[in-house]
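Listing of start-v5.txt; format and content: compact mmCIF, C-alpha atoms.
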```txt
# COMPACT_ATOMS: atom_id res chain seq x y z
CA MET Z 1 -10.77 -72.61 63.94
CA GLY Z 2 -11.14 -72.61 60.17
CA ASN Z 3 -9.35 -69.23 59.89
CA GLN Z 4 -6.33 -70.27 61.93
CA HIS Z 5 -4.23 -71.03 58.85
CA GLN Z 6 -4.88 -67.52 57.52
CA LEU Z 7 -3.41 -65.75 60.54
CA PRO Z 8 0.07 -64.20 60.45
CA THR Z 9 2.87 -66.43 61.68
CA VAL Z 10 3.56 -64.30 64.72
CA CYS Z 11 -0.09 -64.76 65.77
CA GLN Z 12 0.23 -68.55 65.60
CA SER Z 13 3.00 -68.80 68.18
CA PRO Z 14 2.55 -71.86 70.41
CA VAL Z 15 3.54 -69.74 73.42
CA LEU Z 16 0.44 -67.70 74.21
CA PRO Z 17 1.00 -64.38 75.99
CA SER Z 18 -0.66 -63.78 79.33
CA ARG Z 19 -4.07 -62.17 79.63
CA GLY Z 20 -2.52 -58.94 80.91
CA VAL Z 21 -0.21 -58.69 77.91
CA MET Z 22 -3.08 -59.28 75.49
CA VAL Z 23 -5.26 -56.66 77.19
CA ALA Z 24 -2.38 -54.17 77.11
CA SER Z 25 -1.80 -54.77 73.39
CA TYR Z 26 -5.50 -54.32 72.62
CA LEU Z 27 -5.68 -51.10 74.65
CA LEU Z 28 -2.58 -49.70 72.94
CA MET Z 29 -3.97 -50.53 69.50
CA ILE Z 30 -7.40 -49.03 70.23
CA SER Z 31 -5.82 -45.90 71.70
CA THR Z 32 -3.61 -45.50 68.63
CA LEU Z 33 -6.51 -45.80 66.19
CA LEU Z 34 -8.64 -43.35 68.19
CA LEU Z 35 -5.70 -40.94 68.35
CA VAL Z 36 -5.34 -41.18 64.57
CA MET Z 37 -8.98 -40.21 64.09
CA TRP Z 38 -8.93 -37.51 66.78
CA GLN Z 39 -5.80 -35.79 65.45
CA LYS Z 40 -6.83 -36.27 61.79
CA LEU Z 41 -3.86 -38.48 61.00
CA LEU Z 42 -5.79 -40.96 58.87
CA PRO Z 43 -3.90 -40.06 55.63
CA GLY Z 44 -0.65 -40.80 57.42
CA LEU Z 45 -1.87 -44.17 58.70
CA LEU Z 46 -3.17 -45.20 55.29
CA CYS Z 47 0.09 -44.18 53.64
CA VAL Z 48 2.10 -46.13 56.22
CA CYS Z 49 0.23 -49.26 55.17
CA LEU Z 50 0.45 -48.32 51.50
CA GLY Z 51 4.19 -47.61 51.66
CA PHE Z 52 4.79 -50.92 53.42
CA LEU Z 53 2.80 -52.95 50.87
CA LEU Z 54 4.27 -51.12 47.86
CA THR Z 55 7.81 -51.60 49.09
CA ARG Z 56 7.33 -55.29 49.85
CA GLY Z 57 5.55 -55.92 46.54
CA LEU Z 58 8.10 -54.00 44.49
CA ALA Z 59 10.98 -55.70 46.30
CA SER Z 60 9.52 -59.12 45.50
CA LEU Z 61 9.15 -58.13 41.84
CA LEU Z 62 12.73 -56.85 41.64
CA ALA Z 63 14.04 -59.98 43.36
CA ARG Z 64 12.34 -62.16 40.74
CA VAL Z 65 13.74 -60.07 37.89
CA ASP Z 66 17.25 -60.20 39.38
CA ARG Z 67 19.19 -63.08 37.81
CA ARG Z 68 21.88 -63.32 40.46
CA PRO Z 69 21.94 -66.38 42.74
CA PRO Z 70 19.39 -66.23 45.54
CA GLY Z 71 20.69 -65.03 48.87
CA PRO Z 72 20.49 -62.22 51.38
CA VAL Z 73 22.47 -59.72 49.26
CA PRO Z 74 20.15 -59.64 46.20
CA ASP Z 75 17.09 -59.57 48.46
CA ARG Z 76 18.55 -56.67 50.43
CA TRP Z 77 19.40 -54.86 47.20
CA ALA Z 78 15.85 -55.27 45.96
CA GLN Z 79 14.40 -54.00 49.26
CA VAL Z 80 16.59 -50.91 49.35
CA LEU Z 81 15.87 -50.08 45.70
CA ALA Z 82 12.13 -50.60 46.21
CA ALA Z 83 12.08 -48.34 49.28
CA THR Z 84 14.04 -45.67 47.40
CA LEU Z 85 11.61 -45.74 44.48
CA VAL Z 86 8.58 -45.54 46.76
CA CYS Z 87 10.05 -42.57 48.65
CA ILE Z 88 11.23 -40.64 45.58
CA ALA Z 89 8.29 -41.28 43.23
CA PRO Z 90 5.92 -38.73 44.88
CA LEU Z 91 8.61 -36.03 44.80
CA VAL Z 92 9.33 -36.69 41.13
CA TRP Z 93 5.61 -36.60 40.32
CA ILE Z 94 5.18 -33.26 42.16
CA ALA Z 95 8.22 -31.79 40.37
CA ILE Z 96 6.86 -32.83 36.96
CA ALA Z 97 3.40 -31.47 37.83
CA LEU Z 98 4.83 -28.11 38.91
CA THR Z 99 6.96 -27.89 35.78
CA GLN Z 100 4.02 -28.61 33.51
CA SER Z 101 1.76 -26.15 35.34
CA ARG Z 102 4.27 -23.28 35.50
CA GLY Z 103 2.68 -21.49 32.56
CA TYR Z 104 -0.75 -21.92 34.09
CA LEU Z 105 0.38 -20.44 37.41
CA THR Z 106 1.92 -17.39 35.74
CA ASP Z 107 -1.34 -16.86 33.84
CA VAL Z 108 -3.49 -16.96 36.99
CA PRO Z 109 -3.81 -13.13 37.40
CA HIS Z 110 -5.03 -12.78 33.82
CA GLN Z 111 -7.48 -15.66 34.28
CA TYR Z 112 -8.70 -14.10 37.53
CA LYS Z 113 -9.55 -10.86 35.70
CA GLU Z 114 -11.32 -12.81 32.94
CA LEU Z 115 -13.32 -14.67 35.59
CA LEU Z 116 -14.40 -11.38 37.21
CA ASP Z 117 -15.44 -9.98 33.82
CA TYR Z 118 -17.39 -13.12 33.01
CA LEU Z 119 -19.21 -13.08 36.35
CA ALA Z 120 -19.94 -9.36 36.02
CA ASN Z 121 -21.41 -9.79 32.54
CA THR Z 122 -23.49 -12.72 33.79
CA VAL Z 123 -24.92 -10.59 36.61
CA LEU Z 124 -25.68 -7.71 34.22
CA GLU Z 125 -27.45 -10.08 31.83
CA LEU Z 126 -29.44 -11.52 34.72
CA ARG Z 127 -30.30 -7.99 35.91
CA SER Z 128 -31.81 -7.12 32.53
CA LYS Z 129 -34.10 -10.17 32.62
CA LEU Z 130 -35.38 -9.87 36.20
CA PRO Z 131 -38.35 -7.74 37.31
CA LEU Z 132 -37.52 -4.20 38.41
CA GLU Z 133 -38.05 -5.01 42.09
CA LEU Z 134 -35.43 -7.78 41.97
CA SER Z 135 -33.00 -6.16 39.54
CA ALA Z 136 -32.76 -3.08 41.79
CA MET Z 137 -31.15 -5.32 44.43
CA LEU Z 138 -28.24 -6.22 42.10
CA PRO Z 139 -25.21 -4.00 41.36
CA GLN Z 140 -25.62 -1.69 38.37
CA GLY Z 141 -22.21 -1.49 36.70
CA THR Z 142 -19.39 -3.84 35.80
CA ALA Z 143 -16.92 -2.10 38.11
CA GLU Z 144 -19.36 -2.28 41.02
CA ILE Z 145 -20.00 -5.97 40.38
CA GLN Z 146 -16.28 -6.74 40.20
CA GLN Z 147 -15.72 -4.83 43.44
CA ALA Z 148 -18.48 -6.79 45.18
CA ILE Z 149 -17.05 -10.12 43.99
CA ALA Z 150 -13.50 -9.13 44.96
CA THR Z 151 -14.70 -8.02 48.42
CA TYR Z 152 -16.49 -11.32 48.95
CA LEU Z 153 -13.43 -13.33 47.90
CA ALA Z 154 -11.22 -11.24 50.18
CA ALA Z 155 -13.61 -11.91 53.08
CA LYS Z 156 -13.32 -15.64 52.43
CA ALA Z 157 -9.53 -15.55 52.09
CA GLY Z 158 -9.06 -16.65 55.70
CA ALA Z 159 -11.26 -19.70 55.25
CA LEU Z 160 -9.50 -20.58 51.99
CA ALA Z 161 -6.11 -20.21 53.68
CA SER Z 162 -7.22 -22.49 56.53
CA ALA Z 163 -8.48 -25.08 54.06
CA GLY Z 164 -5.21 -24.89 52.11
CA LYS Z 165 -3.22 -25.29 55.31
CA ALA Z 166 -5.28 -28.35 56.27
CA TRP Z 167 -4.72 -29.91 52.83
CA LEU Z 168 -1.00 -29.17 52.98
CA GLY Z 169 -0.79 -30.72 56.44
CA GLY Z 170 -2.64 -33.79 55.20
CA LEU Z 171 -0.25 -34.17 52.27
CA LEU Z 172 2.73 -33.82 54.59
CA HIS Z 173 1.32 -36.47 56.95
CA ALA Z 174 0.66 -38.73 53.97
CA TYR Z 175 4.22 -38.42 52.67
CA MET Z 176 5.72 -38.97 56.11
CA GLY Z 177 3.52 -42.05 56.46
CA LEU Z 178 4.79 -43.29 53.10
CA LEU Z 179 8.38 -42.88 54.31
CA ILE Z 180 7.65 -44.69 57.57
CA GLY Z 181 5.97 -47.58 55.76
CA ALA Z 182 8.83 -47.93 53.26
CA LEU Z 183 11.46 -47.89 56.02
CA ALA Z 184 9.48 -50.39 58.09
CA ALA Z 185 9.32 -52.74 55.10
CA VAL Z 186 13.13 -52.91 54.76
CA ARG Z 187 13.97 -53.21 58.46
CA PRO Z 188 15.83 -56.37 59.52
CA ARG Z 189 13.35 -59.14 60.24
CA LEU Z 190 14.26 -60.15 63.76
CA PRO Z 191 11.84 -62.35 65.72
CA PRO Z 192 10.32 -60.43 68.65
CA ARG Z 193 11.36 -61.64 72.09
CA ALA Z 194 9.25 -59.72 74.58
CA ALA Z 195 5.66 -60.88 75.02
CA LEU Z 196 4.15 -57.42 74.53
CA THR Z 197 6.23 -56.88 71.38
CA ARG Z 198 4.91 -60.15 69.91
CA ALA Z 199 1.33 -59.20 70.79
CA LEU Z 200 1.66 -55.72 69.28
CA GLN Z 201 3.26 -57.13 66.15
CA CYS Z 202 0.30 -59.48 65.79
CA ARG Z 203 -2.11 -56.52 66.10
CA VAL Z 204 -0.21 -54.53 63.45
CA MET Z 205 0.02 -57.46 61.04
CA LEU Z 206 -3.71 -58.11 61.30
CA LEU Z 207 -4.34 -54.44 60.52
CA GLY Z 208 -1.98 -54.67 57.53
CA GLU Z 209 -3.75 -57.79 56.25
CA ALA Z 210 -7.09 -55.99 56.51
CA PHE Z 211 -5.64 -53.02 54.60
CA ARG Z 212 -4.32 -55.31 51.86
CA GLN Z 213 -7.76 -56.84 51.37
CA ILE Z 214 -9.40 -53.40 51.33
CA VAL Z 215 -6.95 -52.15 48.67
CA ALA Z 216 -7.60 -55.21 46.49
CA ALA Z 217 -11.34 -54.63 46.77
CA GLN Z 218 -10.97 -50.88 46.08
CA PHE Z 219 -9.12 -51.67 42.85
CA TRP Z 220 -12.18 -53.43 41.45
CA ILE Z 221 -14.46 -50.65 42.71
CA ALA Z 222 -12.28 -48.04 40.95
CA LEU Z 223 -12.29 -50.13 37.77
CA PHE Z 224 -16.10 -50.41 37.89
CA ASN Z 225 -16.53 -46.65 38.42
CA THR Z 226 -14.07 -45.91 35.62
CA CYS Z 227 -15.95 -48.14 33.17
CA LEU Z 228 -19.26 -46.40 33.97
CA THR Z 229 -17.65 -42.96 33.70
CA ALA Z 230 -16.03 -43.89 30.37
CA ILE Z 231 -19.42 -44.98 28.98
CA PHE Z 232 -20.94 -41.73 30.22
CA LEU Z 233 -18.20 -39.49 28.76
CA LEU Z 234 -17.55 -41.34 25.50
CA LEU Z 235 -21.07 -42.48 24.54
CA ILE Z 236 -23.86 -40.75 26.46
CA LEU Z 237 -22.70 -37.12 26.47
CA PRO Z 238 -21.55 -37.04 22.80
CA THR Z 239 -24.96 -38.46 21.81
CA PHE Z 240 -26.57 -35.29 23.17
CA ASP Z 241 -23.85 -32.95 21.79
CA MET Z 242 -22.40 -32.33 25.25
CA ALA Z 243 -18.95 -33.91 24.85
CA LEU Z 244 -16.47 -32.77 27.50
CA PRO Z 245 -12.88 -31.73 26.76
CA TYR Z 246 -9.93 -33.70 28.16
CA THR Z 247 -12.01 -36.89 28.26
CA PRO Z 248 -9.03 -39.34 28.36
CA ALA Z 249 -7.46 -37.41 31.25
CA LEU Z 250 -10.78 -37.38 33.11
CA ILE Z 251 -11.15 -41.14 32.70
CA MET Z 252 -7.62 -41.71 33.99
CA LEU Z 253 -8.27 -39.35 36.90
CA THR Z 254 -11.44 -41.29 37.75
CA PHE Z 255 -9.49 -44.53 38.08
CA ILE Z 256 -6.58 -43.10 40.06
CA ALA Z 257 -8.78 -41.11 42.44
CA GLY Z 258 -11.19 -44.04 42.69
CA LEU Z 259 -8.47 -46.04 44.46
CA ILE Z 260 -9.12 -43.74 47.44
CA PRO Z 261 -12.37 -44.88 49.10
CA ILE Z 262 -15.30 -42.43 48.96
CA VAL Z 263 -13.16 -39.25 49.04
CA GLY Z 264 -11.61 -39.98 45.66
CA ASN Z 265 -15.06 -40.34 44.12
CA LEU Z 266 -16.13 -37.02 45.63
CA PHE Z 267 -13.03 -35.36 44.14
CA CYS Z 268 -13.89 -36.73 40.69
CA ASN Z 269 -17.44 -35.42 41.11
CA VAL Z 270 -16.16 -31.88 41.64
CA VAL Z 271 -13.69 -32.00 38.72
CA LEU Z 272 -16.16 -33.48 36.22
CA THR Z 273 -18.89 -31.04 37.21
CA LEU Z 274 -16.56 -28.06 36.76
CA VAL Z 275 -15.45 -29.32 33.36
CA GLY Z 276 -19.10 -29.85 32.44
CA LEU Z 277 -19.84 -26.29 33.49
CA SER Z 278 -17.26 -25.07 30.97
CA VAL Z 279 -19.38 -26.67 28.23
CA SER Z 280 -22.87 -25.66 29.36
CA PRO Z 281 -25.04 -25.55 32.48
CA THR Z 282 -27.01 -28.48 31.08
CA ALA Z 283 -23.86 -30.56 30.73
CA ALA Z 284 -22.84 -29.64 34.29
CA GLY Z 285 -26.27 -30.61 35.62
CA THR Z 286 -26.17 -33.91 33.74
CA CYS Z 287 -22.68 -34.70 35.08
CA LEU Z 288 -23.75 -33.81 38.61
CA ALA Z 289 -26.87 -36.01 38.43
CA PHE Z 290 -24.89 -38.95 37.04
CA LEU Z 291 -22.11 -38.61 39.60
CA ILE Z 292 -24.53 -38.28 42.51
CA LEU Z 293 -26.13 -41.52 41.37
CA ILE Z 294 -22.71 -43.20 41.19
CA HIS Z 295 -21.74 -41.81 44.61
CA LYS Z 296 -24.87 -43.18 46.25
CA ALA Z 297 -24.47 -46.50 44.48
CA GLU Z 298 -20.87 -46.71 45.69
CA TYR Z 299 -22.12 -47.18 49.25
CA VAL Z 300 -23.70 -50.49 48.23
CA ILE Z 301 -20.94 -51.39 45.75
CA ASN Z 302 -18.22 -50.68 48.32
CA ALA Z 303 -20.01 -52.69 50.97
CA LYS Z 304 -20.64 -55.60 48.58
CA VAL Z 305 -17.12 -55.89 47.12
CA VAL Z 306 -15.26 -55.15 50.36
CA GLY Z 307 -17.61 -57.45 52.23
CA GLN Z 308 -16.81 -60.34 49.92
CA ARG Z 309 -13.07 -59.78 50.31
CA THR Z 310 -13.19 -59.46 54.09
CA HIS Z 311 -16.07 -61.87 54.84
CA MET Z 312 -18.39 -59.10 56.05
CA ALA Z 313 -22.10 -58.84 55.31
CA VAL Z 314 -23.26 -55.82 53.33
CA TRP Z 315 -25.57 -54.62 56.09
CA GLU Z 316 -22.70 -54.79 58.61
CA LEU Z 317 -20.39 -52.61 56.56
CA LEU Z 318 -23.12 -50.16 55.57
CA THR Z 319 -24.08 -49.72 59.22
CA VAL Z 320 -20.49 -49.14 60.27
CA MET Z 321 -19.90 -46.69 57.41
CA PHE Z 322 -22.94 -44.59 58.28
CA ILE Z 323 -22.13 -44.55 62.00
CA ALA Z 324 -18.49 -43.69 61.39
CA GLU Z 325 -19.46 -40.86 59.03
CA SER Z 326 -21.82 -39.39 61.61
CA VAL Z 327 -19.10 -39.49 64.31
CA PHE Z 328 -15.91 -38.61 62.40
CA GLY Z 329 -17.24 -37.11 59.16
CA PRO Z 330 -15.74 -38.08 55.76
CA ALA Z 331 -12.62 -39.46 57.47
CA GLY Z 332 -14.81 -41.93 59.35
CA LEU Z 333 -16.38 -43.03 56.08
CA VAL Z 334 -12.93 -43.82 54.69
CA ALA Z 335 -11.69 -45.51 57.86
CA ALA Z 336 -14.82 -47.58 58.53
CA PRO Z 337 -14.10 -50.48 56.11
CA LEU Z 338 -10.48 -50.77 57.28
CA PHE Z 339 -11.18 -50.57 61.01
CA TYR Z 340 -14.14 -52.93 60.85
CA ALA Z 341 -12.21 -55.44 58.74
CA TYR Z 342 -9.43 -55.30 61.34
CA LEU Z 343 -11.96 -55.83 64.14
CA LYS Z 344 -13.34 -58.89 62.37
CA LYS Z 345 -9.86 -60.32 62.02
CA GLU Z 346 -9.18 -59.81 65.71
CA LEU Z 347 -12.43 -61.58 66.58
CA GLU Z 348 -11.57 -64.42 64.21
CA ALA Z 349 -8.08 -64.70 65.72
CA ALA Z 350 -9.64 -64.91 69.18
CA ARG Z 351 -12.15 -67.51 67.85
CA LEU Z 352 -15.08 -65.37 68.93
CA VAL Z 353 -16.77 -65.34 65.49
```
Represent the supplied structure as structure tokens.
Amino acid sequence: MGNQHQLPTVCQSPVLPSRGVMVASYLLMISTLLLVMWQKLLPGLLCVCLGFLLTRGLASLLARVDRRPPGPVPDRWAQVLAATLVCIAPLVWIAIALTQSRGYLTDVPHQYKELLDYLANTVLELRSKLPLELSAMLPQGTAEIQQAIATYLAAKAGALASAGKAWLGGLLHAYMGLLIGALAAVRPRLPPRAALTRALQCRVMLLGEAFRQIVAAQFWIALFNTCLTAIFLLLILPTFDMALPYTPALIMLTFIAGLIPIVGNLFCNVVLTLVGLSVSPTAAGTCLAFLILIHKAEYVINAKVVGQRTHMAVWELLTVMFIAESVFGPAGLVAAPLFYAYLKKELEAARLV
């Protein structure tokens, strides 16, 4: 009863839908969420919510900046402009990234040859230090080593192509979700008439409210991780003469990627470890140990911060995260806080908790 004032307006309608309509709306919502996980459409769903919130927030900001008299025309102008910016911004960012990396892409063949030479020299150096029984099992010459490495990479080309295709499909789903969310945010706000439409709109709005709370919590998690990473990169590593290059860019990357639950932190782990490897194996090992510690701590941090925002106990969220990861893999780990927060809101709306 105490949460009734926090429910969306459409969920507070004095005309309650029939039991059959409510059951149908719940079944449709559950089926949709399971379909999203089964078909690996989670990036699209998250970007639908993100596009909707970004468009609404940006439209409100533009409407406040606009000095024209209040009315439907300025509001509509702000909504259309906000949706346009949200839809175009990723394309502009990709175009700038490709332009800046054009020289790097043209230099890839030369870098590939340097990488093969480096690996071959490393193997030859290792061969000279191993006992004769073990060194006899390694290739003898640089050309033979390069051929072995090239053969192995060619054998893994299919797996790399499949992984690249999966990533490209995920990015496409994410961008389409962003478009759908932006367009949904600027649609005419007409009150739903049919009972099932009202019930489904209530389900969707509760999911959107849960997503908004998760995003707000993830902001503070990303800020916390960024502060720890900045201390590690700017103070700890230089103290031991293991300073990494591109430190400001790495700190910024940590914050931006940290806005993506769990997966963003894993991405930062890989990037920082590779950069550390360019300095020394010791630096790479130190980065990996620090980032593993942060990754494991993020389970508790995520559960604590998100739990406070969504009124969930830490043990509840941790349990759901571990179960979801075992069933759906990393996608389940990302979806667990959102889906469980939505479930709690549905139970609160039904006055069951």
### Message
When you count all atoms listed in the file, which of these residues is closest to Phe211 (chain Z): Z:Leu81, Z:Val327, Z:Ala335, Z:Ile294?
### Response
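Nearest candidate to Phe211 (chain Z) out of Z:Leu81, Z:Val327, Z:Ala335, Z:Ile294: Z:Ala335.
Separating CA of Leu228 (chain Z) from CA of Gly276 (chain Z) is a distance of 16.6 Å.
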### Message
Could you check the closest approach to Val186 (chain Z) for each of Z:Val92, Z:Leu223, Z:Leu53, Z:Leu272 and tell me which residue wins, using all atoms listed in the file?
### Response
Z:Leu53
### Task
Compile the contact shell of region 21-30 of chain Z as a count of residues only: residues with an atom at most 10 Å away, counting only C-alpha atoms, same-chain residues fewer than 2 positions apart removed.
21
### Query
Do you have the CA of Leu168 (chain Z)-CA of Leu183 (chain Z) distance handy?
22.7 Å
### Message
So the first atom is CA of Leu288 (chain Z) and the second is CA of Thr273 (chain Z); what is the distance between them in Å, to one decimal place?
### Response
5.8 Å
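Residues in contact with Phe224 (chain Z) at up to 10 Å, not including ones fewer than 4 positions away on its chain and judged by only C-alpha atoms, are Gln218, Phe219, Trp220, Leu228, Thr229, Ala230, Phe255, Gly258, Glu298 and Ile301 of chain Z.
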Quick one: write out the picked residues with C-alpha atoms as a JSON list (two decimals), in the coordinates of the input?
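Wrote it out as part-v5.json, contents follow:
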```
[["chain", "number", "residue", "atom", "x", "y", "z"],
["Z", 218, "GLN", "CA", -10.97, -50.88, 46.08],
["Z", 219, "PHE", "CA", -9.12, -51.67, 42.85],
["Z", 220, "TRP", "CA", -12.18, -53.43, 41.45],
["Z", 228, "LEU", "CA", -19.26, -46.40, 33.97],
["Z", 229, "THR", "CA", -17.65, -42.96, 33.70],
["Z", 230, "ALA", "CA", -16.03, -43.89, 30.37],
["Z", 255, "PHE", "CA", -9.49, -44.53, 38.08],
["Z", 258, "GLY", "CA", -11.19, -44.04, 42.69],
["Z", 298, "GLU", "CA", -20.87, -46.71, 45.69],
["Z", 301, "ILE", "CA", -20.94, -51.39, 45.75]]
```
### Task
Counting all atoms listed in the file, figure out which residue out of Z:Thr226, Z:Asn269, Z:Ser280, Z:Thr286 gets nearest to Thr254 (chain Z).
Z:Thr226
#### Entry: Point (-13.8, -58.1, 61.4) neighbourhood (9 Å, all atoms listed in the file) written as JSON, numbers by chain
{"Z": [210, 310, 311, 312, 339, 340, 341, 342, 343, 344, 345, 346, 347, 348, 353]}
### Task
Using all atoms listed in the file, pick whichever of Z:Gly177, Z:Gly264, Z:Pro281, Z:Pro90 has the shortest atom-to-atom distance to Ala331 (chain Z).
Z:Gly264
#### Entry: Among listed residues Z:Arg76, Z:Leu91, Z:Asn265, Z:Ile180, nearest Phe52 (chain Z) (using only C-alpha atoms)
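So, comparing all the options, the nearest one is Z:Ile180.
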## Note on the structure
Min atom-atom distance to Ile323 (chain Z) from the set Z:Trp77, Z:Ala184, Z:Leu277, Z:Ala336, counting only C-alpha atoms, belongs to Z:Ala336
